[in-house]
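Participant: Below is one structure. I have some questions about it.
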Amino acid sequence: MSNPTLMEGNRGPAVAKLTAILKKRGHLDATGQTFNRAVRRAVEEFQARHVDELGRPLVSDGVVGPLTWWALETEREVLAPPTGVRFDVMPARGGSRRGRAALEAAIAEIEAGAREIGENNSGPFVKKYLNGRLEPPANWCAGFVSWCFAQHPEGIPFRYTLGARHIRNQFQAQGWLVEDAPPEPGDIIAWWRGQPVGLKGHIGLVHHYSNGIVYTIEGNKGAFPARVRGFDYVFGRIEALLGFGRVPD
């Protein structure tokens, strides 16, 4: 029998099998039959570092489908960091003025070593991104994106929020979504989590697009201590994608 698709909230023997593999591979401390937040983040960390059977990067969305099961059971070598990719350097061109300013702020946070400190979803960097709307521990991916845009002298061009979907929905309301074209530096990239229609989501900033690969800077992704760091995805194969958006000049 094939392995079932698993996601946060699932329970049972298949989850126990998943957690046993993740523990063996060094991504999880303990096994269990409940797919909780810790398991999801371990899955995302694994996906961010592995490829499918054709050598393509897995989508780091925390959902364990056929491609992720194959990588888990095959024990293929871990991916090396993208060759020649410098997430700490601004792309030479592309994107809007406001988007590039937000990306520049994100790169400065990479250089500052922004990460969780003390415990999951906590620490001074997280507190800064939460901006007084919540106290740590709390999810901070949208807070990070909001904070980056808020560093512009003219202020944030949308409402500061800790909700990934809320940012994406604000872009939609303003007509700022980017469709049918590769993204550019400083664009937002948003995903749904759990289900396509709901409250949960994840968000980051596009660093650049090149040769069919989207390179991003994201926070609150991966196992503790999650850092602000770079990721890469095959354009057109990004699972659970809500879309891209660009603040106009």
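Numbering starts fresh at 1 for the residues of each chain in the structure tokens, the chains themselves are lettered A, B, ... in the order given, and ligands are numbered from 1 as they appear.
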Report the residues of region 1-247 of chain A whose backbone DSSP state falls under alpha helix (DSSP H), written as a PyMOL selection string.

Facilitator: chain A and resi 13-24+37-48+66-74+97-111+124-130+141-150+164-174

Participant: Can you tell me which residues surround region 61-64 of chain A at a distance of at most 7 Å, considering only C-alpha atoms, apart from same-chain residues fewer than 4 positions away, and format the answer as a list in words?

Facilitator: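 Using only C-alpha atoms, the neighbours found are Thr5, Leu6, Met7, Arg40, Arg41, Val43, Glu44, Thr68 and Trp69 of chain A.
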
Participant: Tell me, as a list in words, which residues lie within 12 Å of Gly26 (chain A), counting only C-alpha atoms; anything in the same chain fewer than 2 positions away does not count.

Facilitator: Thr19, Ala20, Ile21, Leu22, Lys23, Lys24, Leu28, Asp29, Ala30, Thr31, Ala42, Val43, Glu45, Phe46, Leu72, Glu75 and Ala223 of chain A

Participant: Can you work out which one of A:His152, A:His50, A:Lys128, A:Arg159 has the shortest atom-to-atom distance to Arg98 (chain A), counting only C-alpha atoms?

Facilitator: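 Of A:His152, A:His50, A:Lys128, A:Arg159, the one nearest Arg98 (chain A), counting only C-alpha atoms, is A:His152.
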
Participant: Identify all residues of region 4-163 of chain A in strand (DSSP E or B) (DSSP on the backbone) and supply them as a ChimeraX atom specification.

Facilitator: /A:6,11,34,51,57,64,115

Participant: What are the closest atom pairs, with distances in Å to one decimal, for each residue of region 88-128 of chain A lying within 9 Å of region 168-187 of chain A, using only C-alpha atoms, rows by chain and rising residue number, as JSON lines?

Facilitator:
```
{"residue": "A:Met90", "atom": "CA", "partner": "A:Pro185", "partner_atom": "CA", "distance": 8.6}
{"residue": "A:Pro91", "atom": "CA", "partner": "A:Pro185", "partner_atom": "CA", "distance": 7.1}
{"residue": "A:Arg93", "atom": "CA", "partner": "A:Pro185", "partner_atom": "CA", "distance": 7.9}
{"residue": "A:Gly94", "atom": "CA", "partner": "A:Glu184", "partner_atom": "CA", "distance": 5.7}
{"residue": "A:Gly95", "atom": "CA", "partner": "A:Pro185", "partner_atom": "CA", "distance": 4.7}
{"residue": "A:Ser96", "atom": "CA", "partner": "A:Gly186", "partner_atom": "CA", "distance": 7.1}
{"residue": "A:Arg97", "atom": "CA", "partner": "A:Gly186", "partner_atom": "CA", "distance": 8.6}
{"residue": "A:Arg98", "atom": "CA", "partner": "A:Gly186", "partner_atom": "CA", "distance": 7.6}
{"residue": "A:Gly99", "atom": "CA", "partner": "A:Gly186", "partner_atom": "CA", "distance": 3.9}
{"residue": "A:Arg100", "atom": "CA", "partner": "A:Gly186", "partner_atom": "CA", "distance": 4.8}
{"residue": "A:Ala101", "atom": "CA", "partner": "A:Gly186", "partner_atom": "CA", "distance": 7.5}
{"residue": "A:Ala102", "atom": "CA", "partner": "A:Gly186", "partner_atom": "CA", "distance": 6.2}
{"residue": "A:Leu103", "atom": "CA", "partner": "A:Gly186", "partner_atom": "CA", "distance": 5.0}
{"residue": "A:Glu104", "atom": "CA", "partner": "A:Gly186", "partner_atom": "CA", "distance": 8.4}
```

Participant: Any chance you can output those residues with N, CA and C atoms as a PDB file, in the first residue's frame?

Facilitator:
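Everything below was put into result01.pdb:
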```pdb
ATOM      1  N   MET A  90      22.292  42.245  -2.995  1.00  0.00           N
ATOM      2  CA  MET A  90      21.132  42.716  -3.745  1.00  0.00           C
ATOM      3  C   MET A  90      21.266  42.360  -5.223  1.00  0.00           C
ATOM      4  N   PRO A  91      20.184  41.886  -5.849  1.00  0.00           N
ATOM      5  CA  PRO A  91      20.206  41.680  -7.299  1.00  0.00           C
ATOM      6  C   PRO A  91      20.479  43.006  -8.008  1.00  0.00           C
ATOM      7  N   ARG A  93      19.304  44.237 -10.738  1.00  0.00           N
ATOM      8  CA  ARG A  93      18.176  44.931 -11.366  1.00  0.00           C
ATOM      9  C   ARG A  93      16.891  44.164 -11.110  1.00  0.00           C
ATOM     10  N   GLY A  94      15.768  44.818 -11.460  1.00  0.00           N
ATOM     11  CA  GLY A  94      14.460  44.183 -11.363  1.00  0.00           C
ATOM     12  C   GLY A  94      13.694  44.577 -10.127  1.00  0.00           C
ATOM     13  N   GLY A  95      12.383  44.499 -10.211  1.00  0.00           N
ATOM     14  CA  GLY A  95      11.531  44.807  -9.079  1.00  0.00           C
ATOM     15  C   GLY A  95      11.187  46.280  -8.986  1.00  0.00           C
ATOM     16  N   SER A  96      10.225  46.580  -8.120  1.00  0.00           N
ATOM     17  CA  SER A  96       9.818  47.964  -7.906  1.00  0.00           C
ATOM     18  C   SER A  96      10.715  48.621  -6.860  1.00  0.00           C
ATOM     19  N   ARG A  97      10.647  49.928  -6.784  1.00  0.00           N
ATOM     20  CA  ARG A  97      11.464  50.668  -5.813  1.00  0.00           C
ATOM     21  C   ARG A  97      11.140  50.242  -4.395  1.00  0.00           C
ATOM     22  N   ARG A  98       9.851  50.150  -4.061  1.00  0.00           N
ATOM     23  CA  ARG A  98       9.460  49.780  -2.705  1.00  0.00           C
ATOM     24  C   ARG A  98       9.788  48.320  -2.407  1.00  0.00           C
ATOM     25  N   GLY A  99       9.629  47.460  -3.399  1.00  0.00           N
ATOM     26  CA  GLY A  99       9.975  46.065  -3.199  1.00  0.00           C
ATOM     27  C   GLY A  99      11.458  45.871  -2.972  1.00  0.00           C
ATOM     28  N   ARG A 100      12.271  46.570  -3.732  1.00  0.00           N
ATOM     29  CA  ARG A 100      13.722  46.444  -3.573  1.00  0.00           C
ATOM     30  C   ARG A 100      14.170  46.975  -2.212  1.00  0.00           C
ATOM     31  N   ALA A 101      13.502  48.025  -1.732  1.00  0.00           N
ATOM     32  CA  ALA A 101      13.844  48.549  -0.403  1.00  0.00           C
ATOM     33  C   ALA A 101      13.541  47.522   0.678  1.00  0.00           C
ATOM     34  N   ALA A 102      12.403  46.808   0.543  1.00  0.00           N
ATOM     35  CA  ALA A 102      12.055  45.766   1.509  1.00  0.00           C
ATOM     36  C   ALA A 102      13.058  44.623   1.437  1.00  0.00           C
ATOM     37  N   LEU A 103      13.470  44.258   0.230  1.00  0.00           N
ATOM     38  CA  LEU A 103      14.447  43.190   0.061  1.00  0.00           C
ATOM     39  C   LEU A 103      15.785  43.586   0.677  1.00  0.00           C
ATOM     40  N   GLU A 104      16.161  44.835   0.512  1.00  0.00           N
ATOM     41  CA  GLU A 104      17.409  45.312   1.111  1.00  0.00           C
ATOM     42  C   GLU A 104      17.365  45.189   2.632  1.00  0.00           C
TER      43      GLU A 104
END
```

Participant: Name the closest residue to Gly222 (chain A) among the candidates A:Ile117, A:Leu18, A:Val59, A:Ala38; distances are taken between atoms, counting only C-alpha atoms.

Facilitator: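 Closest candidate: A:Ala38.
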
Participant: Using only C-alpha atoms, which of the listed residues (A:Arg86, A:Lys200, A:Lys17, A:Arg37) sits closest to Glu73 (chain A)?

Facilitator: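 Using only C-alpha atoms, Glu73 (chain A) sits closest to A:Lys17.
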
Participant: Rank nothing, just name the residue among A:Ala150, A:Leu162, A:Ile188, A:Ala92 nearest to Glu135 (chain A), using only C-alpha atoms.

Facilitator: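 Under the stated criterion, the closest residue is A:Leu162.
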